[in-house]
file query30.txt (compact mmCIF, C-alpha atoms)
# COMPACT_ATOMS: atom_id res chain seq x y z
CA MET A 212 271.60 157.02 81.26
CA GLN A 213 271.91 156.53 77.52
CA ALA A 214 269.98 157.11 74.32
CA LEU A 215 271.24 155.03 71.38
CA GLY A 216 274.69 154.94 73.01
CA ASN A 217 274.85 158.71 73.56
CA ASP A 218 275.57 158.44 77.30
CA PHE A 219 275.01 160.79 80.21
CA MET A 220 275.56 161.33 83.90
CA VAL A 221 272.30 162.82 85.23
CA LEU A 222 272.45 164.76 88.51
CA ASP A 223 269.56 165.90 90.69
CA SER A 224 270.59 169.19 92.29
CA ILE A 225 267.13 169.74 93.79
CA ARG A 226 267.33 167.11 96.53
CA GLN A 227 271.07 167.48 97.10
CA LYS A 228 273.65 170.25 97.08
CA LEU A 229 276.30 169.98 94.38
CA ARG A 230 279.50 171.83 93.62
CA LEU A 231 280.56 171.33 90.03
CA SER A 232 283.69 172.53 88.29
CA THR A 233 285.25 172.04 84.87
CA GLU A 234 287.95 169.90 86.45
CA ILE A 235 285.59 167.53 88.23
CA ILE A 236 283.39 167.11 85.14
CA ARG A 237 286.48 166.16 83.16
CA GLU A 238 287.49 163.68 85.86
CA TRP A 239 284.06 162.06 85.96
CA SER A 240 283.80 161.89 82.15
CA ASP A 241 287.07 159.99 81.71
CA ARG A 242 286.14 156.49 80.61
CA ARG A 243 289.24 154.90 82.17
CA THR A 244 289.57 156.66 85.51
CA GLY A 245 286.04 158.01 86.02
CA VAL A 246 282.46 157.07 85.22
CA GLY A 247 282.65 158.03 81.54
CA PHE A 248 280.00 159.96 79.60
CA ASP A 249 279.43 162.27 76.62
CA GLN A 250 277.51 164.89 78.63
CA LEU A 251 276.65 165.67 82.23
CA LEU A 252 273.00 166.71 82.66
CA LEU A 253 272.01 168.82 85.66
CA ILE A 254 268.41 169.18 86.88
CA GLU A 255 267.68 172.32 88.91
CA GLU A 256 264.63 174.03 90.36
CA HIS A 257 263.06 176.67 88.13
CA PRO A 258 261.34 179.41 90.15
CA ALA A 259 259.29 180.83 87.28
CA THR A 260 255.98 179.37 86.09
CA ASP A 261 256.97 178.94 82.43
CA ALA A 262 258.77 175.62 83.08
CA ASP A 263 258.76 172.70 85.49
CA PHE A 264 262.53 172.39 85.86
CA LYS A 265 265.78 173.97 84.70
CA TYR A 266 268.05 171.71 82.67
CA ARG A 267 271.76 172.34 82.05
CA ILE A 268 274.17 170.46 79.76
CA PHE A 269 277.94 170.09 80.15
CA ASN A 270 280.16 168.35 77.60
CA SER A 271 282.82 165.89 78.70
CA ASP A 272 285.43 168.66 78.43
CA GLY A 273 283.52 170.68 81.03
CA SER A 274 282.09 173.28 78.65
CA GLU A 275 278.41 174.20 79.04
CA VAL A 276 276.27 174.00 75.90
CA GLU A 277 272.77 175.08 74.94
CA GLN A 278 270.97 171.96 73.78
CA CYS A 279 270.94 168.15 73.76
CA GLY A 280 267.95 166.33 72.30
CA ASN A 281 268.92 162.86 73.52
CA GLY A 282 269.75 164.34 76.91
CA ALA A 283 266.37 166.04 77.19
CA ARG A 284 264.63 162.69 76.78
CA CYS A 285 266.85 161.08 79.42
CA VAL A 286 266.20 163.96 81.83
CA ALA A 287 262.45 163.58 81.30
CA ARG A 288 262.59 159.89 82.15
CA PHE A 289 264.85 160.56 85.16
CA ILE A 290 262.40 163.15 86.52
CA PHE A 291 259.46 160.75 86.17
CA ASP A 292 261.16 157.59 87.43
CA SER A 293 262.87 159.30 90.37
CA GLY A 294 259.64 160.89 91.56
CA LEU A 295 260.60 164.53 91.00
CA SER A 296 257.36 164.81 89.02
CA LYS A 297 254.71 162.42 87.78
CA LYS A 298 253.72 164.66 84.87
CA LYS A 299 253.98 162.86 81.54
CA ILE A 300 254.39 166.20 79.77
CA LEU A 301 257.18 168.45 81.08
CA LYS A 302 258.56 171.85 80.19
CA LEU A 303 262.32 172.12 80.70
CA LYS A 304 264.15 175.46 80.74
CA THR A 305 267.56 175.53 79.09
CA CYS A 306 269.94 178.46 78.76
CA ASN A 307 268.56 178.94 75.25
CA GLY A 308 264.81 178.50 75.70
CA LEU A 309 262.18 175.88 76.51
CA ILE A 310 261.94 172.19 75.62
CA THR A 311 258.75 170.15 75.97
CA THR A 312 258.97 166.40 76.56
CA LYS A 313 256.23 163.77 76.49
CA LEU A 314 256.47 160.30 78.01
CA LEU A 315 254.89 157.97 75.45
CA ARG A 316 255.79 154.77 77.29
CA ARG A 317 258.37 153.88 79.92
CA ASP A 318 261.51 154.28 77.80
CA TRP A 319 260.09 156.01 74.69
CA ILE A 320 260.01 159.77 74.90
CA LYS A 321 259.22 162.58 72.46
CA ALA A 322 260.87 165.98 72.80
CA SER A 323 260.11 169.24 71.02
CA LEU A 324 263.26 171.22 70.34
CA ALA A 325 263.62 174.79 69.09
CA ILE A 326 262.12 176.30 65.97
CA PRO A 327 264.92 176.02 63.38
CA ASP A 328 266.88 179.21 62.73
CA PHE A 329 268.48 179.35 59.28
CA SER A 330 269.93 182.86 59.61
CA ALA A 331 273.47 181.54 59.28
CA GLY A 332 272.57 180.47 55.74
CA VAL A 333 274.57 178.20 53.45
CA ILE A 334 278.34 178.42 53.39
CA SER A 335 280.45 176.56 50.83
CA GLU A 336 279.55 172.83 50.93
CA PHE A 337 277.64 172.73 54.20
CA SER A 338 274.44 174.26 55.54
CA CYS A 339 273.99 175.85 58.96
CA VAL A 340 271.00 175.73 61.27
CA ASN A 341 270.41 176.41 64.96
CA ILE A 342 268.20 173.94 66.84
CA GLY A 343 268.89 175.61 70.16
CA ASN A 344 272.55 174.84 69.49
CA PRO A 345 274.61 175.33 66.29
CA HIS A 346 274.97 172.73 63.53
CA ALA A 347 276.70 172.43 60.18
CA VAL A 348 275.25 169.72 57.93
CA MET A 349 277.14 168.16 55.02
CA HIS A 350 275.76 165.84 52.33
CA VAL A 351 277.91 162.76 51.65
CA SER A 352 277.46 159.85 49.25
CA ASP A 353 278.72 157.21 51.70
CA VAL A 354 278.71 158.14 55.39
CA THR A 355 280.71 155.03 56.30
CA ASN A 356 283.87 156.16 54.56
CA VAL A 357 283.96 159.83 55.56
CA LYS A 358 286.94 161.05 57.61
CA ILE A 359 284.68 162.83 60.04
CA ALA A 360 287.36 163.51 62.67
CA ASP A 361 289.53 165.44 60.21
CA ILE A 362 286.70 167.36 58.57
CA GLY A 363 284.75 167.91 61.78
CA THR A 364 287.76 169.24 63.69
CA ALA A 365 288.72 171.60 60.87
CA LEU A 366 285.18 172.88 60.45
CA GLN A 367 284.64 173.48 64.16
CA LYS A 368 287.61 175.87 64.17
CA GLN A 369 285.78 178.14 61.71
CA PHE A 370 283.10 178.98 64.30
CA PHE A 371 283.72 181.24 67.28
CA ASN A 372 281.89 178.96 69.75
CA GLY A 373 282.43 175.75 67.80
CA VAL A 374 279.76 173.80 65.96
CA ASN A 375 278.30 170.30 65.80
CA VAL A 376 279.04 168.77 62.40
CA GLU A 377 276.64 166.29 60.76
CA PHE A 378 277.46 164.03 57.82
CA MET A 379 274.22 162.97 56.10
CA GLU A 380 273.66 160.23 53.53
CA ILE A 381 270.13 160.28 52.10
CA ILE A 382 268.73 156.77 51.58
CA ALA A 383 265.15 157.74 50.71
CA ARG A 384 262.80 160.67 51.33
CA ASP A 385 261.92 159.18 54.70
CA THR A 386 265.31 157.71 55.70
CA ILE A 387 268.84 159.01 56.19
CA LYS A 388 272.08 157.71 57.62
CA LEU A 389 273.99 160.08 59.89
CA ARG A 390 277.28 160.44 61.72
CA VAL A 391 277.99 163.34 64.07
CA TRP A 392 281.19 165.06 65.20
CA GLU A 393 279.99 166.77 68.37
CA ARG A 394 281.41 169.97 69.81
CA GLY A 395 283.43 169.24 72.96
CA VAL A 396 282.99 165.46 72.60
CA GLY A 397 284.05 164.06 69.21
CA GLU A 398 282.11 161.37 67.37
CA THR A 399 279.10 160.06 69.27
CA PRO A 400 276.91 157.00 68.57
CA ALA A 401 273.91 159.33 68.43
CA CYS A 402 273.06 163.04 68.66
CA GLY A 403 269.40 164.05 68.93
CA SER A 404 269.78 167.71 68.00
CA GLY A 405 272.12 166.66 65.17
CA ALA A 406 269.47 164.32 63.81
CA CYS A 407 266.96 167.19 63.90
CA ALA A 408 269.39 169.55 62.19
CA ALA A 409 270.10 167.11 59.36
CA VAL A 410 266.41 166.46 58.71
CA VAL A 411 265.36 170.12 58.63
CA ILE A 412 268.22 170.95 56.26
CA GLY A 413 267.16 168.06 54.02
CA GLN A 414 263.56 169.28 54.11
CA GLN A 415 264.55 172.86 53.35
CA GLN A 416 266.40 171.58 50.29
CA GLY A 417 263.36 169.60 49.15
CA LEU A 418 265.04 166.23 49.66
CA LEU A 419 263.17 164.81 52.66
CA ASP A 420 259.59 164.33 53.87
CA SER A 421 258.14 165.79 57.06
CA LYS A 422 258.74 162.58 59.03
CA VAL A 423 262.14 160.89 58.72
CA THR A 424 263.90 157.90 60.30
CA VAL A 425 267.50 158.81 61.15
CA GLN A 426 269.86 155.84 61.24
CA LEU A 427 272.80 156.53 63.58
CA PRO A 428 275.59 154.18 64.69
CA GLY A 429 273.74 153.70 68.00
CA GLY A 430 270.31 153.07 66.49
CA ASP A 431 267.32 154.87 64.97
CA LEU A 432 265.58 158.12 65.90
CA GLU A 433 262.39 159.61 64.49
CA VAL A 434 262.34 163.30 63.53
CA GLU A 435 259.23 165.27 62.53
CA TRP A 436 259.02 168.84 61.27
CA GLN A 437 256.07 170.53 59.55
CA GLY A 438 258.18 173.44 58.34
CA GLY A 439 257.94 177.16 58.96
CA ALA A 440 257.85 178.51 62.51
CA THR A 441 257.07 175.16 64.13
CA PRO A 442 259.23 173.16 66.55
CA VAL A 443 261.08 170.01 65.58
CA TYR A 444 259.97 166.80 67.32
CA LEU A 445 262.46 164.09 68.25
CA THR A 446 261.30 160.64 69.35
CA GLY A 447 263.39 157.75 70.61
CA PRO A 448 264.42 155.70 73.64
CA ALA A 449 265.88 156.90 76.95
CA ILE A 450 267.47 154.07 78.94
CA TRP A 451 268.42 154.06 82.63
CA VAL A 452 271.82 152.33 82.99
CA TYR A 453 272.65 152.55 86.73
CA ASP A 454 272.57 154.73 89.86
CA GLY A 455 275.58 155.89 91.85
CA LEU A 456 276.70 158.19 94.63
CA CYS A 457 279.14 161.07 94.08
CA MET A 458 281.82 160.95 96.78

call {"tool": "encode", "arguments": {"input": "query30.txt", "output": "structure tokens"}}
result
Amino acid sequence: MQALGNDFMVLDSIRQKLRLSTEIIREWSDRRTGVGFDQLLLIEEHPATDADFKYRIFNSDGSEVEQCGNGARCVARFIFDSGLSKKKILKLKTCNGLITTKLLRRDWIKASLAIPDFSAGVISEFSCVNIGNPHAVMHVSDVTNVKIADIGTALQKQFFNGVNVEFMEIIARDTIKLRVWERGVGETPACGSGACAAVVIGQQQGLLDSKVTVQLPGGDLEVEWQGGATPVYLTGPAIWVYDGLCM
């Protein structure tokens, strides 16, 4: 599946038994010798009543991470289309909390991510926020000409568990351009949690409105945040690319 070019392998571990390892995830993620993807998304049963399903995220390097906004929307569509549930509103349990998704139409899904945590504060020329996973947001005057690989790689090394690095160019109070250097992946055409992180930082700094269009290389996302202790809402497409069997 894919959302604005941010692509995923989605696995149903409820109706089949799976044995995953770092090595096999790396093999599958290789775009020349495997399937190729940014993240592997795993759907599991959740025995408690606080969520409908458990949802796990693995980067292409095999590392497990806490959050993926684009992935959450793809998982929601997978669950509905594959018949795991016909609920249009789902609660998904991640290793870092709960996500709520809402099917607006067949390929257009809204997801509520975490309440932003600004406890990391502002360091040097970037701002930190946690949207269920860690982000460092930098303002740039022209996002097209930023050497994001060099800066992103260097900045990630300053964090114990790495960090997703966003480069934000503000076009207007309701529009930004964004590029993302993602932890464990590199540059991606789109990053849902990164879009949310950039918008809430811009709002905290008084530069953006409560509803913002985020223009990414893969396309546009819509981010809404009312401030304070409220969740961030991410809306955009989730596209089914193909089905396959793991041998």

call {"tool": "closest_atom_pairs", "arguments": {"input": "query30.txt", "of": "segment 334-379 of chain A", "to": "segment 398-415 of chain A", "cutoff": "12 Å", "atoms": "only C-alpha atoms", "output": "Markdown table"}}
result
| residue | atom | partner | partner_atom | distance |
| --- | --- | --- | --- | --- |
| A:Phe337 | CA | A:Ile412 | CA | 9.8 |
| A:Ser338 | CA | A:Ile412 | CA | 7.1 |
| A:Cys339 | CA | A:Ile412 | CA | 8.0 |
| A:Val340 | CA | A:Ala408 | CA | 6.5 |
| A:Asn341 | CA | A:Ala408 | CA | 7.5 |
| A:Ile342 | CA | A:Ala408 | CA | 6.5 |
| A:Gly343 | CA | A:Ser404 | CA | 8.2 |
| A:Asn344 | CA | A:Ser404 | CA | 7.8 |
| A:Pro345 | CA | A:Ala408 | CA | 8.8 |
| A:His346 | CA | A:Ala408 | CA | 6.6 |
| A:Ala347 | CA | A:Ala408 | CA | 8.1 |
| A:Val348 | CA | A:Ala409 | CA | 5.9 |
| A:Met349 | CA | A:Ala409 | CA | 8.3 |
| A:His350 | CA | A:Gly413 | CA | 9.0 |
| A:Val351 | CA | A:Ala409 | CA | 11.8 |
| A:Lys358 | CA | A:Glu398 | CA | 10.9 |
| A:Ile359 | CA | A:Glu398 | CA | 7.9 |
| A:Ala360 | CA | A:Glu398 | CA | 7.4 |
| A:Asp361 | CA | A:Glu398 | CA | 11.1 |
| A:Ile362 | CA | A:Glu398 | CA | 11.6 |
| A:Gly363 | CA | A:Glu398 | CA | 9.0 |
| A:Thr364 | CA | A:Glu398 | CA | 10.4 |
| A:Val374 | CA | A:Gly405 | CA | 10.5 |
| A:Asn375 | CA | A:Gly405 | CA | 7.2 |
| A:Val376 | CA | A:Gly405 | CA | 7.7 |
| A:Glu377 | CA | A:Gly405 | CA | 6.3 |
| A:Phe378 | CA | A:Ala409 | CA | 8.1 |
| A:Met379 | CA | A:Ala409 | CA | 6.7 |

call {"tool": "closest_residue", "arguments": {"input": "query30.txt", "among": "A:Asn307, A:Asn372, A:Thr446, A:Ser271", "to": "Ala325 of chain A", "atoms": "only C-alpha atoms"}}
result
A:Asn307

call {"tool": "closest_residue", "arguments": {"input": "query30.txt", "among": "A:Ile290, A:Leu389, A:Leu215, A:Val396", "to": "Glu275 of chain A", "atoms": "only C-alpha atoms"}}
result
A:Val396

call {"tool": "atom_distance", "arguments": {"input": "query30.txt", "atom1": "atom CA of Gly247 of chain A", "atom2": "atom CA of Ile225 of chain A"}}
result
23.0 Å

call {"tool": "residues_around", "arguments": {"input": "query30.txt", "residues": "Ser421 of chain A", "least_positions_apart": "6", "cutoff": "6 Å", "atoms": "all atoms listed in the file", "output": "number ranges by chain"}}
result
A: 435-437

call {"tool": "build_atoms", "arguments": {"input": "query30.txt", "residues": "segment 351-383 of chain A", "atoms": "N, CA and C atoms", "output": "short mmCIF file (atom, residue, chain, number, x, y, z; two decimals), keeping the file's coordinate frame"}}
result
data_model
loop_
_atom_site.label_atom_id
_atom_site.label_comp_id
_atom_site.auth_asym_id
_atom_site.auth_seq_id
_atom_site.Cartn_x
_atom_site.Cartn_y
_atom_site.Cartn_z
N VAL A 351 276.85 163.68 52.09
CA VAL A 351 277.91 162.76 51.65
C VAL A 351 277.25 161.60 50.92
N SER A 352 278.01 160.97 50.01
CA SER A 352 277.46 159.85 49.25
C SER A 352 277.54 158.55 50.03
N ASP A 353 278.54 158.43 50.90
CA ASP A 353 278.72 157.21 51.70
C ASP A 353 279.23 157.62 53.08
N VAL A 354 278.35 157.64 54.06
CA VAL A 354 278.71 158.14 55.39
C VAL A 354 279.73 157.24 56.09
N THR A 355 279.80 155.98 55.66
CA THR A 355 280.71 155.03 56.30
C THR A 355 282.17 155.39 56.08
N ASN A 356 282.48 155.95 54.92
CA ASN A 356 283.87 156.16 54.56
C ASN A 356 284.34 157.62 54.68
N VAL A 357 283.58 158.44 55.39
CA VAL A 357 283.96 159.83 55.56
C VAL A 357 284.94 159.97 56.72
N LYS A 358 285.98 160.78 56.53
CA LYS A 358 286.94 161.05 57.61
C LYS A 358 286.37 162.16 58.49
N ILE A 359 285.42 161.79 59.33
CA ILE A 359 284.68 162.83 60.04
C ILE A 359 285.52 163.54 61.09
N ALA A 360 286.52 162.86 61.65
CA ALA A 360 287.36 163.51 62.67
C ALA A 360 288.15 164.66 62.05
N ASP A 361 288.73 164.41 60.88
CA ASP A 361 289.53 165.44 60.21
C ASP A 361 288.67 166.61 59.77
N ILE A 362 287.56 166.30 59.09
CA ILE A 362 286.70 167.36 58.57
C ILE A 362 285.99 168.08 59.71
N GLY A 363 285.47 167.31 60.67
CA GLY A 363 284.75 167.91 61.78
C GLY A 363 285.62 168.84 62.61
N THR A 364 286.84 168.41 62.90
CA THR A 364 287.76 169.24 63.69
C THR A 364 288.10 170.53 62.96
N ALA A 365 288.38 170.41 61.66
CA ALA A 365 288.72 171.60 60.87
C ALA A 365 287.55 172.57 60.78
N LEU A 366 286.36 172.03 60.60
CA LEU A 366 285.18 172.88 60.45
C LEU A 366 284.82 173.58 61.75
N GLN A 367 284.97 172.89 62.87
CA GLN A 367 284.64 173.48 64.16
C GLN A 367 285.49 174.73 64.44
N LYS A 368 286.71 174.74 63.94
CA LYS A 368 287.61 175.87 64.17
C LYS A 368 287.16 177.14 63.44
N GLN A 369 286.25 176.99 62.48
CA GLN A 369 285.78 178.14 61.71
C GLN A 369 284.66 178.90 62.43
N PHE A 370 284.19 178.36 63.55
CA PHE A 370 283.10 178.98 64.30
C PHE A 370 283.60 179.44 65.66
N PHE A 371 283.21 180.63 66.05
CA PHE A 371 283.72 181.24 67.28
C PHE A 371 283.46 180.37 68.51
N ASN A 372 282.25 179.82 68.61
CA ASN A 372 281.89 178.96 69.75
C ASN A 372 281.84 177.49 69.37
N GLY A 373 282.48 177.12 68.26
CA GLY A 373 282.43 175.75 67.80
C GLY A 373 281.11 175.42 67.14
N VAL A 374 280.99 174.21 66.64
CA VAL A 374 279.76 173.80 65.96
C VAL A 374 279.70 172.27 65.97
N ASN A 375 278.49 171.74 65.96
CA ASN A 375 278.30 170.30 65.80
C ASN A 375 278.21 170.02 64.30
N VAL A 376 278.96 169.03 63.84
CA VAL A 376 279.04 168.77 62.40
C VAL A 376 278.36 167.44 62.09
N GLU A 377 277.38 167.49 61.16
CA GLU A 377 276.64 166.29 60.76
C GLU A 377 277.00 165.89 59.34
N PHE A 378 277.17 164.59 59.13
CA PHE A 378 277.46 164.03 57.82
C PHE A 378 276.27 163.15 57.44
N MET A 379 275.52 163.58 56.43
CA MET A 379 274.22 162.97 56.10
C MET A 379 274.26 162.27 54.76
N GLU A 380 273.86 161.01 54.76
CA GLU A 380 273.66 160.23 53.53
C GLU A 380 272.16 159.97 53.39
N ILE A 381 271.57 160.45 52.31
CA ILE A 381 270.13 160.28 52.10
C ILE A 381 269.87 158.94 51.43
N ILE A 382 269.08 158.09 52.10
CA ILE A 382 268.73 156.77 51.58
C ILE A 382 267.44 156.84 50.78
N ALA A 383 266.45 157.53 51.35
CA ALA A 383 265.15 157.74 50.71
C ALA A 383 264.56 159.01 51.30
#
